[in-house]
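Chemist: Below is the file protein-v4.csv, which contains CSV, C-alpha atoms and all ligand atoms.
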chain,number,residue,atom,x,y,z
A,271,MET,CA,0.0,0.0,0.0
A,272,ILE,CA,1.2,3.5,-0.8
A,273,GLU,CA,-0.3,6.7,0.6
A,274,ILE,CA,-2.0,9.0,-1.8
A,275,ASN,CA,-1.3,12.7,-1.1
A,276,LYS,CA,-4.2,14.9,-2.2
A,277,TYR,CA,-3.4,18.3,-3.5
A,278,LYS,CA,-5.7,21.4,-3.5
A,279,ASN,CA,-5.2,21.9,-7.2
A,280,TYR,CA,-3.1,21.0,-10.2
A,281,ASP,CA,-0.8,24.1,-9.8
A,282,GLU,CA,0.1,23.2,-6.1
A,283,MET,CA,0.8,19.7,-7.1
A,284,SER,CA,3.0,20.6,-10.0
A,285,LYS,CA,4.9,23.3,-8.0
A,286,TRP,CA,5.6,20.8,-5.2
A,287,VAL,CA,7.3,18.4,-7.6
A,288,VAL,CA,9.4,21.2,-9.1
A,289,GLU,CA,10.5,22.1,-5.6
A,290,GLN,CA,11.6,18.6,-4.9
A,291,ILE,CA,13.5,18.5,-8.2
A,292,ARG,CA,15.2,21.8,-7.4
A,293,ASP,CA,16.3,20.7,-4.0
A,294,ALA,CA,17.6,17.4,-5.2
A,295,ILE,CA,19.5,19.0,-8.1
A,296,ASN,CA,21.0,21.7,-5.9
A,297,PHE,CA,22.0,19.1,-3.3
A,298,ASN,CA,23.3,16.6,-5.8
A,299,SER,CA,24.9,18.4,-8.6
A,300,VAL,CA,27.6,20.1,-6.5
A,301,THR,CA,29.7,17.1,-7.1
A,302,LYS,CA,28.0,15.2,-9.9
A,303,HIS,CA,25.5,15.4,-12.7
A,304,PHE,CA,21.8,14.8,-12.2
A,305,THR,CA,19.6,12.4,-14.1
A,306,LEU,CA,15.9,13.2,-14.5
A,307,GLY,CA,13.3,10.8,-15.8
A,308,LEU,CA,10.6,12.6,-17.8
A,309,ALA,CA,7.1,11.7,-18.9
A,310,THR,CA,4.8,13.0,-21.6
A,311,GLY,CA,1.0,13.3,-21.6
A,312,SER,CA,-1.1,16.1,-20.0
A,313,THR,CA,-0.2,15.3,-16.4
A,314,PRO,CA,3.4,16.7,-16.3
A,315,LEU,CA,2.6,19.8,-18.3
A,316,GLY,CA,2.4,21.9,-15.1
A,317,ILE,CA,5.7,20.7,-13.9
A,318,TYR,CA,7.3,21.6,-17.2
A,319,LYS,CA,5.7,25.1,-17.1
A,320,TYR,CA,7.1,25.8,-13.7
A,321,MET,CA,10.4,24.2,-14.5
A,322,ARG,CA,11.0,26.8,-17.2
A,323,ASP,CA,11.5,29.5,-14.6
A,324,GLU,CA,14.0,27.5,-12.5
A,325,THR,CA,17.5,28.9,-12.3
A,326,TRP,CA,19.4,25.7,-11.5
A,327,ASP,CA,22.1,24.7,-14.0
A,328,SER,CA,20.2,22.5,-16.4
A,329,LYS,CA,23.5,21.8,-18.3
A,330,LYS,CA,24.3,19.4,-15.4
A,331,VAL,CA,21.2,17.5,-16.0
A,332,TYR,CA,20.7,14.5,-18.3
A,333,THR,CA,17.1,13.6,-19.1
A,334,PHE,CA,15.6,10.2,-20.0
A,335,ASN,CA,12.1,10.0,-21.3
A,336,LEU,CA,9.9,7.0,-20.4
A,337,ASP,CA,8.6,6.2,-23.9
A,338,GLU,CA,8.4,7.1,-27.5
A,339,TYR,CA,6.1,6.0,-30.4
A,340,ALA,CA,7.7,3.6,-32.7
A,341,ASP,CA,7.9,4.3,-36.4
A,342,LEU,CA,7.0,8.0,-36.2
A,343,PRO,CA,9.6,10.4,-37.7
A,344,TYR,CA,11.4,12.4,-35.0
A,345,ASN,CA,10.0,15.7,-36.1
A,346,HIS,CA,6.4,14.3,-36.3
A,347,PRO,CA,4.2,16.8,-34.3
A,348,GLN,CA,3.0,13.9,-32.1
A,349,SER,CA,6.3,12.3,-31.4
A,350,TYR,CA,7.2,12.5,-27.7
A,351,GLU,CA,10.5,14.2,-28.6
A,352,HIS,CA,8.6,16.9,-30.3
A,353,PHE,CA,6.3,17.2,-27.3
A,354,MET,CA,9.3,17.6,-25.0
A,355,GLU,CA,10.9,20.2,-27.3
A,356,GLU,CA,7.7,22.2,-27.4
A,357,ASN,CA,6.9,22.1,-23.7
A,358,LEU,CA,10.4,22.1,-22.0
A,359,PHE,CA,13.5,21.7,-24.1
A,360,ALA,CA,12.8,24.9,-26.1
A,361,TYR,CA,13.0,26.8,-22.7
A,362,LYS,CA,15.7,24.8,-20.8
A,363,GLN,CA,18.9,23.4,-22.3
A,364,PHE,CA,19.8,20.1,-20.7
A,365,ARG,CA,23.2,18.4,-21.0
A,366,TYR,CA,21.7,15.6,-23.1
A,367,SER,CA,18.2,14.2,-23.6
A,368,TYR,CA,17.5,10.6,-24.4
A,369,PHE,CA,14.5,8.8,-25.8
A,370,PRO,CA,14.1,5.0,-25.9
A,371,GLU,CA,14.6,3.6,-29.4
A,372,ASN,CA,16.4,0.3,-28.7
A,373,GLU,CA,17.2,-2.3,-26.0
A,374,ARG,CA,20.4,-0.5,-25.0
A,375,TYR,CA,18.4,2.2,-23.2
A,376,ASP,CA,18.7,0.6,-19.7
A,377,ASP,CA,22.5,0.3,-20.1
A,378,ILE,CA,22.7,4.0,-21.1
A,379,ILE,CA,20.7,4.9,-18.0
A,380,LYS,CA,23.0,2.7,-15.9
A,381,ASN,CA,26.1,4.2,-17.4
A,382,ASN,CA,24.8,7.7,-16.4
A,383,GLY,CA,24.4,6.6,-12.8
A,384,GLY,CA,20.7,5.6,-12.9
A,385,ILE,CA,17.7,7.9,-12.7
A,386,ASP,CA,17.8,10.2,-9.6
A,387,ILE,CA,14.1,11.4,-10.0
A,388,GLN,CA,11.5,9.8,-12.2
A,389,ILE,CA,8.3,11.7,-13.0
A,390,LEU,CA,5.4,9.3,-13.8
A,391,GLY,CA,1.8,9.4,-14.8
A,392,ILE,CA,-0.8,6.7,-14.8
A,393,GLY,CA,-3.1,5.6,-17.6
A,394,THR,CA,-6.8,4.9,-17.0
A,395,ASN,CA,-6.0,1.2,-17.4
A,396,GLY,CA,-3.2,1.3,-14.8
A,397,HIS,CA,-0.3,1.5,-17.3
A,398,ILE,CA,2.9,3.2,-16.5
A,399,ALA,CA,4.8,4.5,-19.5
A,400,PHE,CA,3.6,2.1,-22.2
A,401,ASN,CA,3.7,-0.9,-19.8
A,402,GLU,CA,0.2,-2.1,-20.5
A,403,PRO,CA,-1.8,-4.6,-18.3
A,404,GLY,CA,0.0,-8.0,-18.4
A,405,SER,CA,3.5,-6.4,-18.5
A,406,PRO,CA,5.9,-8.5,-16.4
A,407,ARG,CA,7.6,-7.1,-13.3
A,408,ASP,CA,11.0,-7.8,-14.7
A,409,SER,CA,10.5,-6.1,-18.0
A,410,LEU,CA,13.2,-3.8,-19.4
A,411,THR,CA,13.1,-1.3,-22.3
A,412,ARG,CA,11.4,-2.9,-25.3
A,413,LYS,CA,9.1,-2.3,-28.2
A,414,VAL,CA,5.5,-3.0,-27.3
A,415,GLU,CA,2.1,-3.1,-29.0
A,416,LEU,CA,-0.3,-0.5,-27.7
A,417,THR,CA,-3.8,-1.5,-26.4
A,418,GLU,CA,-6.9,-0.2,-28.0
A,419,ASN,CA,-7.7,1.6,-24.7
A,420,THR,CA,-4.4,3.5,-24.8
A,421,ARG,CA,-4.7,4.3,-28.5
A,422,LYS,CA,-8.2,5.6,-27.8
A,423,ASP,CA,-7.0,7.8,-24.9
A,424,ASN,CA,-4.2,9.2,-27.0
A,425,SER,CA,-6.3,9.7,-30.1
A,426,ARG,CA,-7.3,13.2,-28.8
A,427,PHE,CA,-3.8,14.3,-30.0
A,428,PHE,CA,-4.3,12.9,-33.5
A,429,ASP,CA,-6.9,13.7,-36.2
A,430,ILE,CA,-8.3,10.2,-36.2
A,431,ILE,CA,-7.6,7.0,-34.1
A,432,ASP,CA,-6.2,5.3,-37.1
A,433,ASP,CA,-3.3,7.8,-37.1
A,434,VAL,CA,-2.2,6.7,-33.5
A,435,PRO,CA,0.8,4.5,-33.9
A,436,THR,CA,0.3,0.8,-33.0
A,437,HIS,CA,3.7,0.3,-31.3
A,438,ALA,CA,6.0,2.2,-29.0
A,439,TRP,CA,9.3,1.9,-27.3
A,440,THR,CA,9.0,2.0,-23.5
A,441,MET,CA,11.0,1.6,-20.4
A,442,GLY,CA,10.0,-1.6,-18.6
A,443,ILE,CA,8.6,-2.0,-15.1
A,444,GLU,CA,12.0,-3.0,-13.8
A,445,SER,CA,13.6,0.0,-15.6
A,446,ILE,CA,11.2,2.3,-13.8
A,447,MET,CA,11.6,0.5,-10.4
A,448,ARG,CA,15.4,1.2,-10.6
A,449,ALA,CA,14.8,5.0,-10.2
A,450,LYS,CA,16.1,6.2,-6.9
A,451,GLN,CA,13.0,8.4,-6.3
A,452,ILE,CA,9.6,8.3,-8.1
A,453,TYR,CA,6.8,10.9,-8.2
A,454,LEU,CA,3.6,9.4,-9.5
A,455,LEU,CA,1.0,12.0,-10.4
A,456,ALA,CA,-2.6,11.8,-11.3
A,457,ASN,CA,-4.8,14.7,-12.2
A,458,GLY,CA,-8.6,14.4,-12.4
A,459,LYS,CA,-11.5,12.4,-11.0
A,460,HIS,CA,-11.2,10.0,-14.0
A,461,LYS,CA,-7.9,8.7,-12.5
A,462,LYS,CA,-9.1,8.3,-8.9
A,463,ASP,CA,-10.4,4.8,-9.2
A,464,ILE,CA,-7.4,3.3,-10.9
A,465,LEU,CA,-5.0,5.2,-8.7
A,466,GLU,CA,-6.7,3.8,-5.6
A,467,LYS,CA,-6.6,0.3,-7.0
A,468,ALA,CA,-2.9,0.7,-7.9
A,469,CYS,CA,-2.0,2.1,-4.4
A,470,TYR,CA,-4.3,0.2,-2.1
A,471,GLY,CA,-5.1,-3.0,-4.1
A,472,ASP,CA,-3.3,-6.2,-4.8
A,473,ILE,CA,0.0,-6.1,-6.6
A,474,THR,CA,-0.8,-7.5,-10.0
A,475,SER,CA,0.3,-7.4,-13.6
A,476,ASP,CA,-3.3,-6.5,-14.5
A,477,ILE,CA,-2.5,-3.0,-13.0
A,478,PRO,CA,1.1,-2.4,-13.8
A,479,ALA,CA,1.2,0.7,-11.6
A,480,SER,CA,0.5,-1.5,-8.6
A,481,TYR,CA,4.1,-2.8,-8.8
A,482,LEU,CA,5.1,0.6,-7.5
A,483,GLN,CA,3.9,-0.5,-4.0
A,484,GLU,CA,7.3,-2.4,-3.9
A,485,HIS,CA,9.3,0.8,-4.4
A,486,ASN,CA,10.8,2.2,-1.2
A,487,ASN,CA,11.0,5.8,-2.3
A,488,ILE,CA,7.8,6.9,-4.0
A,489,GLU,CA,5.4,9.7,-3.5
A,490,VAL,CA,1.9,9.6,-5.0
A,491,LEU,CA,0.2,12.9,-5.8
A,492,TYR,CA,-3.4,13.4,-6.7
A,493,CYS,CA,-5.7,16.3,-7.4
A,494,ASP,CA,-9.2,16.3,-8.9
B,501,LIG,P1,-2.1,11.7,-19.2
B,501,LIG,O1,-1.5,10.3,-19.5
B,501,LIG,O2,-1.0,12.4,-18.4
B,501,LIG,O3,-2.3,12.4,-20.6
B,501,LIG,O4,-3.3,11.5,-18.5
B,501,LIG,C1,-0.9,9.5,-18.5
B,501,LIG,C2,-0.5,8.1,-19.0
B,501,LIG,O5,-1.2,7.6,-19.9
B,501,LIG,O6,0.5,7.6,-18.6
Is it possible to express this structure as structure tokens?

Modeler:
Amino acid sequence: MIEINKYKNYDEMSKWVVEQIRDAINFNSVTKHFTLGLATGSTPLGIYKYMRDETWDSKKVYTFNLDEYADLPYNHPQSYEHFMEENLFAYKQFRYSYFPENERYDDIIKNNGGIDIQILGIGTNGHIAFNEPGSPRDSLTRKVELTENTRKDNSRFFDIIDDVPTHAWTMGIESIMRAKQIYLLANGKHKKDILEKACYGDITSDIPASYLQEHNNIEVLYCD
């Protein structure tokens, strides 16, 4: 079981995470670089908005995104790289930003010292990154097929559902669990039920986010 911390509103929730990142970077990067795990989707947009005004030295920070559509050109407006460019990277210059595109991703993360802070959202079916229900606990970065549920959720960003890619590269459950600190965020009443199942229910591959109960350094944030 993990405690769910309820926030007054989305802004408060986003600002709190940015404060944690700021403190950790200021504390850590005196002697070493910092490694930040980033997510796409609507949930982290507030974090990225507030991060733009931060004055810490982002040149010391490496970023690793959780996932990326497969078979979309890099500059496609719906690629996650493009999303990050538009919402964060255009404002803040990081040392280097990585996206998963092959199985070597976990080794690259390891060679960079592991992820210090991972920002995470949750899908309405309990997925984390593109680890859909049924994903094994020991999964690493791999190419996966997206479920109809996820393609439907994401079709709001595309003209029609048929344009949503069928496959994506995603960090695995094990890749995510290796992060030293995780902030799992959920925004909106439509996420409440699945978040409660993930945090209070049984640990099961039917709800990949439930594996996070086994992480010893996770904060769960919710606002409706
Ligand atoms: P959302 O997506 O932030 O757009 O709600 C989260 C997710 O599917 O992981």

Chemist: Considering all atoms listed in the file, state which residue in the set A:Ser425, A:Asn296, A:Asn382, A:Thr310 is at the smallest distance from ligand LIG 501 (chain B).

Modeler: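 Closest to ligand LIG 501 (chain B), using all atoms listed in the file: A:Thr310.
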
Chemist: Which residues sit within 10 Å of ligand LIG 501 (chain B), counting all atoms listed in the file, listed as an MDAnalysis selection string?

Modeler: chainID A and resid 309:315 336:337 390:402 420:421 423:424 426:427 454:458 460:461 479

Chemist: Please write the residues from the selection above to a file, keeping C-alpha atoms, as a CSV table (one decimal), keeping the file's coordinate frame.

Modeler:
chain,number,residue,atom,x,y,z
A,309,ALA,CA,7.1,11.7,-18.9
A,310,THR,CA,4.8,13.0,-21.6
A,311,GLY,CA,1.0,13.3,-21.6
A,312,SER,CA,-1.1,16.1,-20.0
A,313,THR,CA,-0.2,15.3,-16.4
A,314,PRO,CA,3.4,16.7,-16.3
A,315,LEU,CA,2.6,19.8,-18.3
A,336,LEU,CA,9.9,7.0,-20.4
A,337,ASP,CA,8.6,6.2,-23.9
A,390,LEU,CA,5.4,9.3,-13.8
A,391,GLY,CA,1.8,9.4,-14.8
A,392,ILE,CA,-0.8,6.7,-14.8
A,393,GLY,CA,-3.1,5.6,-17.6
A,394,THR,CA,-6.8,4.9,-17.0
A,395,ASN,CA,-6.0,1.2,-17.4
A,396,GLY,CA,-3.2,1.3,-14.8
A,397,HIS,CA,-0.3,1.5,-17.3
A,398,ILE,CA,2.9,3.2,-16.5
A,399,ALA,CA,4.8,4.5,-19.5
A,400,PHE,CA,3.6,2.1,-22.2
A,401,ASN,CA,3.7,-0.9,-19.8
A,402,GLU,CA,0.2,-2.1,-20.5
A,420,THR,CA,-4.4,3.5,-24.8
A,421,ARG,CA,-4.7,4.3,-28.5
A,423,ASP,CA,-7.0,7.8,-24.9
A,424,ASN,CA,-4.2,9.2,-27.0
A,426,ARG,CA,-7.3,13.2,-28.8
A,427,PHE,CA,-3.8,14.3,-30.0
A,454,LEU,CA,3.6,9.4,-9.5
A,455,LEU,CA,1.0,12.0,-10.4
A,456,ALA,CA,-2.6,11.8,-11.3
A,457,ASN,CA,-4.8,14.7,-12.2
A,458,GLY,CA,-8.6,14.4,-12.4
A,460,HIS,CA,-11.2,10.0,-14.0
A,461,LYS,CA,-7.9,8.7,-12.5
A,479,ALA,CA,1.2,0.7,-11.6

Chemist: Counting all atoms listed in the file, figure out which residue out of A:Glu338, A:Pro343, A:Thr333, A:Gly383 gets nearest to Phe359 in chain A.

Modeler: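 Smallest distance to Phe359 in chain A is found for A:Thr333.
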
Chemist: My list of candidates is A:His352, A:Arg292, A:His346, A:Lys302. Which is closest to Trp326 in chain A when distances are computed with all atoms listed in the file?

Modeler: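 Looking at the shortest contact to Trp326 in chain A, the residue is A:Arg292.
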
Chemist: I need every residue sitting at most 9 Å from the point (4.4, 23.9, -13.6) (coordinates as in the file, only C-alpha atoms considered), written as number ranges by chain.

Modeler: A: 280-285, 287-288, 314-322

Chemist: Counting only C-alpha atoms, select every polymer residue within 8 Å of (15.8, 14.9, -28.2) as defined in the file's coordinates, and provide the selection as an MDAnalysis selection string.

Modeler: chainID A and resid 351:352 354:355 366:369

Chemist: Could the residues in this selection be written to a file with C-alpha atoms, as an mmCIF file, in the coordinates of the input?

Modeler:
data_model
loop_
_atom_site.group_PDB
_atom_site.id
_atom_site.type_symbol
_atom_site.label_atom_id
_atom_site.label_comp_id
_atom_site.auth_asym_id
_atom_site.auth_seq_id
_atom_site.Cartn_x
_atom_site.Cartn_y
_atom_site.Cartn_z
ATOM 1 C CA GLU A 351 10.500 14.200 -28.600
ATOM 2 C CA HIS A 352 8.600 16.900 -30.300
ATOM 3 C CA MET A 354 9.300 17.600 -25.000
ATOM 4 C CA GLU A 355 10.900 20.200 -27.300
ATOM 5 C CA TYR A 366 21.700 15.600 -23.100
ATOM 6 C CA SER A 367 18.200 14.200 -23.600
ATOM 7 C CA TYR A 368 17.500 10.600 -24.400
ATOM 8 C CA PHE A 369 14.500 8.800 -25.800
#

Chemist: Work out how far apart CA of Lys450 in chain A and CA of Lys278 in chain A are and give it in Å to one decimal.

Modeler: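 Between these atoms lies a distance of 26.8 Å.
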
Chemist: Would you list the contacts of range 406-417 of chain A as a VMD selection string, taking every protein, DNA or RNA residue within 7 Å and counting only C-alpha atoms, but skipping same-chain residues closer than 5 positions in sequence?

Modeler: chain A and resid 372 to 373 375 to 376 436 to 445 475

Chemist: If you count all atoms listed in the file, which residues fall within 12 Å of Thr474 in chain A, apart from same-chain ones fewer than 2 positions away, as a ChimeraX atom specification?

Modeler: /A:396-397,402-407,467-472,476-484

Chemist: Taking into account all atoms listed in the file, which residue in the set A:Asp433, A:Ile295, A:Ala449, A:Glu273 is nearest to Phe334 in chain A?

Modeler: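 Closest to Phe334 in chain A of all the choices is A:Ala449.
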